[in-house]
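Engineer: Contents of start.txt (compact mmCIF, C-alpha atoms) are below:
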# COMPACT_ATOMS: atom_id res chain seq x y z
CA SER A 1 36.74 25.99 -21.79
CA ILE A 2 38.34 29.38 -22.43
CA PHE A 3 38.49 28.70 -26.17
CA ILE A 4 34.81 27.72 -26.26
CA LEU A 5 33.90 30.89 -24.35
CA VAL A 6 35.91 33.07 -26.75
CA VAL A 7 34.24 31.43 -29.76
CA TYR A 8 30.81 32.00 -28.22
CA LEU A 9 31.53 35.69 -27.57
CA TYR A 10 32.71 36.07 -31.16
CA TYR A 11 29.39 34.81 -32.55
CA LEU A 12 27.41 36.69 -29.89
CA ASN A 13 28.95 39.89 -31.19
CA GLN A 14 27.69 39.01 -34.68
CA ASP A 15 24.21 37.90 -33.64
CA PRO A 16 22.69 39.07 -30.30
CA SER A 17 20.12 36.26 -30.47
CA CYS A 18 22.95 33.93 -29.42
CA GLY A 19 22.52 35.42 -25.96
CA SER A 20 19.08 33.86 -25.54
CA SER A 21 18.46 31.55 -22.61
CA GLY A 22 18.03 28.50 -24.81
CA ASP A 23 18.89 27.18 -28.24
CA THR A 24 15.44 27.23 -29.79
CA ILE A 25 14.86 26.71 -33.49
CA GLY A 26 15.73 29.85 -35.44
CA SER A 27 17.87 31.47 -32.75
CA CYS A 28 21.56 32.20 -33.30
CA GLN A 29 21.39 31.15 -36.94
CA VAL A 30 24.87 32.54 -37.54
CA VAL A 31 26.29 29.62 -35.52
CA TYR A 32 24.34 26.97 -37.42
CA ASP A 33 25.39 28.56 -40.70
CA SER A 34 29.03 28.56 -39.64
CA LEU A 35 31.65 26.61 -41.56
CA TRP A 36 32.41 24.73 -38.33
CA SER A 37 28.93 23.58 -37.26
CA TYR A 38 27.74 20.01 -37.84
CA ARG A 39 25.37 19.86 -40.80
CA TYR A 40 23.42 16.80 -41.85
CA ASP A 41 24.95 16.97 -45.35
CA ALA A 42 28.56 17.11 -44.11
CA ALA A 43 29.42 13.72 -45.63
CA TYR A 44 27.64 14.58 -48.89
CA THR A 45 29.67 17.79 -49.26
CA ASN A 46 32.90 16.15 -48.03
CA GLU A 47 33.12 18.56 -45.10
CA TRP A 48 34.23 15.88 -42.66
CA TRP A 49 35.79 18.32 -40.18
CA ARG A 50 32.27 19.29 -39.14
CA PHE A 51 32.00 15.97 -37.25
CA VAL A 52 34.55 17.42 -34.78
CA THR A 53 34.49 21.22 -34.89
CA TYR A 54 30.82 21.56 -33.95
CA ILE A 55 31.72 20.89 -30.31
CA PHE A 56 33.37 24.31 -30.07
CA LEU A 57 30.19 26.21 -31.04
CA HIS A 58 27.17 27.09 -28.88
CA ALA A 59 23.89 28.72 -29.87
CA GLY A 60 22.59 29.71 -26.44
CA VAL A 61 23.93 30.93 -23.12
CA THR A 62 22.21 28.17 -21.11
CA HIS A 63 23.75 25.48 -23.28
CA LEU A 64 27.15 27.15 -22.97
CA VAL A 65 27.03 27.55 -19.20
CA SER A 66 25.85 23.98 -18.60
CA ASN A 67 28.67 22.57 -20.72
CA LEU A 68 31.29 24.78 -19.08
CA PHE A 69 29.96 23.61 -15.71
CA LEU A 70 30.35 19.96 -16.71
CA GLN A 71 33.85 20.56 -18.07
CA ILE A 72 34.95 22.09 -14.77
CA VAL A 73 33.14 19.75 -12.38
CA ILE A 74 33.95 16.55 -14.29
CA GLY A 75 36.89 17.34 -16.54
CA VAL A 76 39.17 19.03 -13.99
CA PRO A 77 39.09 16.12 -11.47
CA LEU A 78 39.91 13.68 -14.29
CA GLU A 79 42.83 15.87 -15.38
CA MET A 80 44.13 16.09 -11.80
CA VAL A 81 44.39 12.28 -11.63
CA HIS A 82 45.15 11.25 -15.22
CA GLY A 83 46.72 14.37 -16.71
CA PRO A 84 45.23 16.48 -19.52
CA TRP A 85 45.71 14.25 -22.57
CA ARG A 86 43.65 11.20 -21.64
CA PRO A 87 40.50 13.20 -20.78
CA PHE A 88 41.09 15.38 -23.86
CA LEU A 89 41.21 12.29 -26.08
CA LEU A 90 37.91 11.08 -24.63
CA TYR A 91 36.46 14.57 -25.02
CA ILE A 92 37.27 14.75 -28.75
CA LEU A 93 36.25 11.15 -29.47
CA GLY A 94 33.04 11.70 -27.52
CA GLY A 95 32.24 14.65 -29.76
CA ILE A 96 32.82 12.51 -32.85
CA ALA A 97 30.69 9.73 -31.38
CA GLY A 98 27.91 12.27 -30.86
CA SER A 99 27.95 13.60 -34.41
CA THR A 100 28.16 10.13 -35.93
CA CYS A 101 25.14 9.06 -33.86
CA VAL A 102 23.25 12.07 -35.20
CA SER A 103 24.28 11.18 -38.76
CA VAL A 104 22.95 7.63 -38.36
CA PHE A 105 19.88 8.00 -36.11
CA ASP A 106 18.87 11.66 -36.54
CA GLU A 107 19.84 12.10 -40.15
CA ARG A 108 18.33 15.46 -41.12
CA THR A 109 19.50 17.33 -38.02
CA ASN A 110 22.09 20.09 -37.72
CA THR A 111 23.74 20.45 -34.33
CA VAL A 112 26.28 22.45 -32.35
CA GLY A 113 27.61 22.32 -28.81
CA ALA A 114 29.97 20.36 -26.61
CA SER A 115 27.28 18.30 -24.88
CA ALA A 116 28.36 15.01 -26.47
CA ALA A 117 31.97 15.65 -25.50
CA CYS A 118 30.94 16.60 -21.94
CA TYR A 119 28.80 13.49 -21.71
CA ALA A 120 31.84 11.49 -22.75
CA LEU A 121 33.68 12.91 -19.74
CA MET A 122 30.71 11.98 -17.57
CA GLY A 123 30.72 8.44 -18.94
CA ALA A 124 34.49 8.25 -18.47
CA HIS A 125 34.07 9.29 -14.85
CA VAL A 126 31.57 6.46 -14.34
CA ALA A 127 34.06 4.02 -15.93
CA ASN A 128 36.73 5.47 -13.67
CA ILE A 129 34.61 4.75 -10.59
CA PHE A 130 34.21 1.11 -11.59
CA ASN A 131 37.89 0.81 -12.51
CA TYR A 132 39.02 1.99 -9.08
CA TYR A 133 35.96 1.24 -6.98
CA SER A 134 37.94 -0.70 -4.35
CA ILE A 135 40.37 2.15 -3.73
CA MET A 136 38.27 5.23 -4.58
CA PRO A 137 36.89 7.13 -1.58
CA PHE A 138 33.15 7.87 -1.56
CA ALA A 139 32.53 5.79 -4.69
CA TRP A 140 28.82 5.44 -3.94
CA VAL A 141 28.51 9.20 -3.44
CA ARG A 142 30.09 9.78 -6.83
CA ILE A 143 27.71 7.31 -8.49
CA ILE A 144 24.70 9.05 -6.92
CA PHE A 145 26.04 12.46 -7.94
CA PHE A 146 26.49 11.56 -11.59
CA SER A 147 23.18 9.72 -11.68
CA PHE A 148 21.52 12.88 -10.37
CA ILE A 149 23.18 15.07 -13.04
CA PHE A 150 22.14 12.62 -15.75
CA LEU A 151 18.53 12.42 -14.55
CA VAL A 152 18.24 16.21 -14.29
CA ASP A 153 19.62 16.66 -17.80
CA VAL A 154 17.31 13.99 -19.22
CA THR A 155 14.32 15.64 -17.52
CA VAL A 156 15.22 19.10 -18.84
CA SER A 157 15.92 17.65 -22.29
CA LEU A 158 12.55 15.91 -22.48
CA TYR A 159 10.79 19.09 -21.36
CA ASN A 160 12.60 21.20 -23.95
CA LYS A 161 11.84 18.65 -26.65
CA TYR A 162 8.20 17.89 -25.93
CA GLY A 163 6.84 20.25 -23.25
CA ASN A 164 8.22 23.62 -24.26
CA ASP A 165 6.30 25.89 -26.60
CA ASN A 166 9.60 26.91 -28.20
CA ALA A 167 10.84 23.72 -29.82
CA SER A 168 14.45 22.89 -29.02
CA SER A 169 16.99 22.42 -31.80
CA THR A 170 19.21 20.22 -29.66
CA SER A 171 19.86 16.68 -30.85
CA TYR A 172 19.85 14.44 -27.79
CA THR A 173 21.07 11.51 -29.87
CA SER A 174 24.52 13.06 -29.65
CA HIS A 175 24.33 13.06 -25.85
CA ILE A 176 23.74 9.31 -25.81
CA GLY A 177 26.58 8.69 -28.26
CA GLY A 178 29.03 10.72 -26.21
CA LEU A 179 27.99 9.08 -22.95
CA LEU A 180 28.36 5.54 -24.31
CA LEU A 181 31.76 6.36 -25.84
CA GLY A 182 32.96 7.74 -22.52
CA VAL A 183 31.85 4.68 -20.57
CA VAL A 184 33.20 2.11 -23.02
CA LEU A 185 36.52 3.74 -23.87
CA GLY A 186 36.97 5.18 -20.40
CA PHE A 187 37.53 1.64 -19.12
CA VAL A 188 40.64 1.55 -21.32
CA VAL A 189 42.00 5.09 -21.54
CA LEU A 190 41.78 5.78 -17.80
CA ASP A 191 42.95 2.35 -16.67
CA GLU A 192 46.54 3.32 -15.89
CA LEU A 193 46.88 3.29 -12.09
CA ASP A 194 48.02 0.29 -10.06
CA ARG A 195 45.26 -1.83 -8.59
CA ARG A 196 44.58 -5.46 -7.80
CA VAL A 197 43.18 -6.97 -10.98
CA SER A 198 44.31 -9.90 -13.11
CA ASP A 199 46.11 -9.20 -16.37
CA THR A 200 43.70 -11.52 -18.19
CA PHE A 201 40.64 -9.59 -17.03
CA LYS A 202 42.28 -6.32 -17.96
CA MET A 203 43.23 -7.58 -21.42
CA VAL A 204 39.75 -8.95 -22.15
CA LYS A 205 38.09 -5.76 -20.92
CA ASN A 206 40.35 -3.58 -23.05
CA CYS A 207 39.87 -5.74 -26.15
CA ILE A 208 36.09 -5.57 -25.83
CA ALA A 209 36.09 -1.80 -25.34
CA ILE A 210 38.45 -1.11 -28.25
CA THR A 211 36.55 -3.51 -30.53
CA LEU A 212 33.20 -1.85 -29.75
CA THR A 213 34.64 1.63 -30.34
CA PHE A 214 36.39 0.69 -33.57
CA SER A 215 33.30 -1.16 -34.83
CA TRP A 216 31.03 1.83 -34.25
CA PHE A 217 33.30 4.35 -35.96
CA THR A 218 33.84 1.96 -38.88
CA PHE A 219 30.10 1.41 -39.24
CA ALA A 220 29.39 5.16 -39.03
CA LEU A 221 32.05 5.91 -41.65
CA ILE A 222 30.67 3.32 -44.06
CA TRP A 223 27.12 4.52 -43.40
CA ASN A 224 28.01 8.10 -44.27
CA LEU A 225 29.97 7.07 -47.35
CA VAL A 226 27.19 4.83 -48.67
CA ASN A 227 24.20 6.87 -47.46
CA PRO A 228 25.17 10.58 -47.33
CA GLN A 229 22.29 12.98 -46.82
CA PRO A 230 21.99 15.30 -49.85
CA THR A 231 21.77 19.04 -49.33
Translate this structure into structure tokens?
Structural biologist:
Amino acid sequence: SIFILVVYLYYLNQDPSCGSSGDTIGSCQVVYDSLWSYRYDAAYTNEWWRFVTYIFLHAGVTHLVSNLFLQIVIGVPLEMVHGPWRPFLLYILGGIAGSTCVSVFDERTNTVGASAACYALMGAHVANIFNYYSIMPFAWVRIIFFSFIFLVDVTVSLYNKYGNDNASSTSYTSHIGGLLLGVVLGFVVLDELDRRVSDTFKMVKNCIAITLTFSWFTFALIWNLVNPQPT
């Protein structure tokens, strides 16, 4: 979170438009032109690092604050239970899942921001609730809380996309990709604590989750190698 904030302040110093309340088209262009942003032609130009590094850039203060909020509210509790590395792995993979979804379903879109990675943490928290539902206090309250956050974000996203006079540059395809990655892989990565469940069920669940994750990333890699978007 601190690193993301420092990066944002660096670009804000270069372009004051990065301090706008939203990431509308044309604002904070210095971020989108950065070597680290995700660009639709990243595969075509062999700049594969962009599929990851875009999560550390933000083009608007609202986008930044909302992602920092999610990192603290969702990420910190996960770290307190599972340590820092498991949530961090899901965070990074969620970001990659978001950019690969954009490359496949929203091909001509450039994007920045940690929303996909934050959504992966949200999805992982949902998986965590189901993993430990029998021993987790206030499980229903947690489900309602995350459902509320998701519905609010979807509502705001739809308004920014279709109801706002200033068209949003955010790609919501990445949000979906991050969320699904967090749910699917969260069943595996966060399944480390003792609980009453058969080894067979656990093995089958883990195999399905790993297979789905590996299949998607393999498909996305082949798609971008065979069908790169030219500059």
Engineer: Which residues are close to region 26-32 of chain A, i.e. within 7 Å by only C-alpha atoms, leaving aside same-chain residues fewer than 2 positions away? Reply as a list in words.
Structural biologist: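 Result of the neighbour search: Tyr11, Asp15, Ser17, Cys18, Asp23, Thr24, Ser34, Ser37, Leu57 and Ala59 of chain A.
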Engineer: Write out, as an mmCIF file, in the frame of the given file, the residues just selected, with C-alpha atoms.
Structural biologist:
data_model
loop_
_atom_site.group_PDB
_atom_site.id
_atom_site.type_symbol
_atom_site.label_atom_id
_atom_site.label_comp_id
_atom_site.auth_asym_id
_atom_site.auth_seq_id
_atom_site.Cartn_x
_atom_site.Cartn_y
_atom_site.Cartn_z
ATOM 1 C CA TYR A 11 29.390 34.810 -32.550
ATOM 2 C CA ASP A 15 24.210 37.900 -33.640
ATOM 3 C CA SER A 17 20.120 36.260 -30.470
ATOM 4 C CA CYS A 18 22.950 33.930 -29.420
ATOM 5 C CA ASP A 23 18.890 27.180 -28.240
ATOM 6 C CA THR A 24 15.440 27.230 -29.790
ATOM 7 C CA SER A 34 29.030 28.560 -39.640
ATOM 8 C CA SER A 37 28.930 23.580 -37.260
ATOM 9 C CA LEU A 57 30.190 26.210 -31.040
ATOM 10 C CA ALA A 59 23.890 28.720 -29.870
#
Engineer: For CA of Thr213 (chain A) and CA of Leu64 (chain A), quote the distance in Å rounded to one decimal.
Structural biologist: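 A separation of 27.6 Å between them.
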Engineer: Between A:Thr53, A:Thr62, A:Asn67, A:Asn227, which is the closest to Tyr38 (chain A) once you count only C-alpha atoms?
Structural biologist: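 Looking only at the distances to Tyr38 (chain A), the closest residue turns out to be A:Thr53.
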Engineer: Quick one: pull the distance between CA of Ala117 (chain A) and CA of Asp191 (chain A), Å, one decimal.
Structural biologist: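 For CA of Ala117 (chain A) relative to CA of Asp191 (chain A), the distance reads 19.4 Å.
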Engineer: What's the separation between CA of Thr200 (chain A) and CA of Asn131 (chain A), in Å to one decimal place?
Structural biologist: 14.8 Å
Engineer: When you look at Thr231 (chain A) with a cut-off of 9 Å (counting all atoms listed in the file), what residues show up, excluding the ones that are within fewer than 6 positions of it in the same chain? I need them as an NGL selection string.
Structural biologist: :A and (40-42 or 44-45)
Engineer: Write out, as a tab-separated table (two decimals), in the frame of the given file, the residues just selected, with C-alpha atoms.
Structural biologist:
chain	number	residue	atom	x	y	z
A	40	TYR	CA	23.42	16.80	-41.85
A	41	ASP	CA	24.95	16.97	-45.35
A	42	ALA	CA	28.56	17.11	-44.11
A	44	TYR	CA	27.64	14.58	-48.89
A	45	THR	CA	29.67	17.79	-49.26
Engineer: Just the residues within 12 Å of Leu78 (chain A), please, counting only C-alpha atoms, with nothing from its chain fewer than 6 positions along; format it as a PDB file with C-alpha atoms, in the frame of the given file.
Structural biologist:
ATOM      1  CA  LEU A  70      30.350  19.960 -16.710  1.00  0.00           C
ATOM      2  CA  GLN A  71      33.850  20.560 -18.070  1.00  0.00           C
ATOM      3  CA  ILE A  72      34.950  22.090 -14.770  1.00  0.00           C
ATOM      4  CA  PRO A  84      45.230  16.480 -19.520  1.00  0.00           C
ATOM      5  CA  TRP A  85      45.710  14.250 -22.570  1.00  0.00           C
ATOM      6  CA  ARG A  86      43.650  11.200 -21.640  1.00  0.00           C
ATOM      7  CA  PRO A  87      40.500  13.200 -20.780  1.00  0.00           C
ATOM      8  CA  PHE A  88      41.090  15.380 -23.860  1.00  0.00           C
ATOM      9  CA  LEU A  89      41.210  12.290 -26.080  1.00  0.00           C
ATOM     10  CA  LEU A  90      37.910  11.080 -24.630  1.00  0.00           C
ATOM     11  CA  TYR A  91      36.460  14.570 -25.020  1.00  0.00           C
ATOM     12  CA  ALA A 120      31.840  11.490 -22.750  1.00  0.00           C
ATOM     13  CA  LEU A 121      33.680  12.910 -19.740  1.00  0.00           C
ATOM     14  CA  MET A 122      30.710  11.980 -17.570  1.00  0.00           C
ATOM     15  CA  GLY A 123      30.720   8.440 -18.940  1.00  0.00           C
ATOM     16  CA  ALA A 124      34.490   8.250 -18.470  1.00  0.00           C
ATOM     17  CA  HIS A 125      34.070   9.290 -14.850  1.00  0.00           C
ATOM     18  CA  VAL A 126      31.570   6.460 -14.340  1.00  0.00           C
ATOM     19  CA  ALA A 127      34.060   4.020 -15.930  1.00  0.00           C
ATOM     20  CA  ASN A 128      36.730   5.470 -13.670  1.00  0.00           C
ATOM     21  CA  ILE A 129      34.610   4.750 -10.590  1.00  0.00           C
ATOM     22  CA  GLY A 186      36.970   5.180 -20.400  1.00  0.00           C
ATOM     23  CA  VAL A 189      42.000   5.090 -21.540  1.00  0.00           C
ATOM     24  CA  LEU A 190      41.780   5.780 -17.800  1.00  0.00           C
ATOM     25  CA  ASP A 191      42.950   2.350 -16.670  1.00  0.00           C
TER      26      ASP A 191
END
Engineer: Name the closest residue to Gly75 (chain A) among the candidates A:Met203, A:Val104, A:Ala139, A:Cys118; distances are taken between atoms, counting all atoms listed in the file.
Structural biologist: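 Comparing A:Met203, A:Val104, A:Ala139, A:Cys118 against Gly75 (chain A), the winner is A:Cys118.
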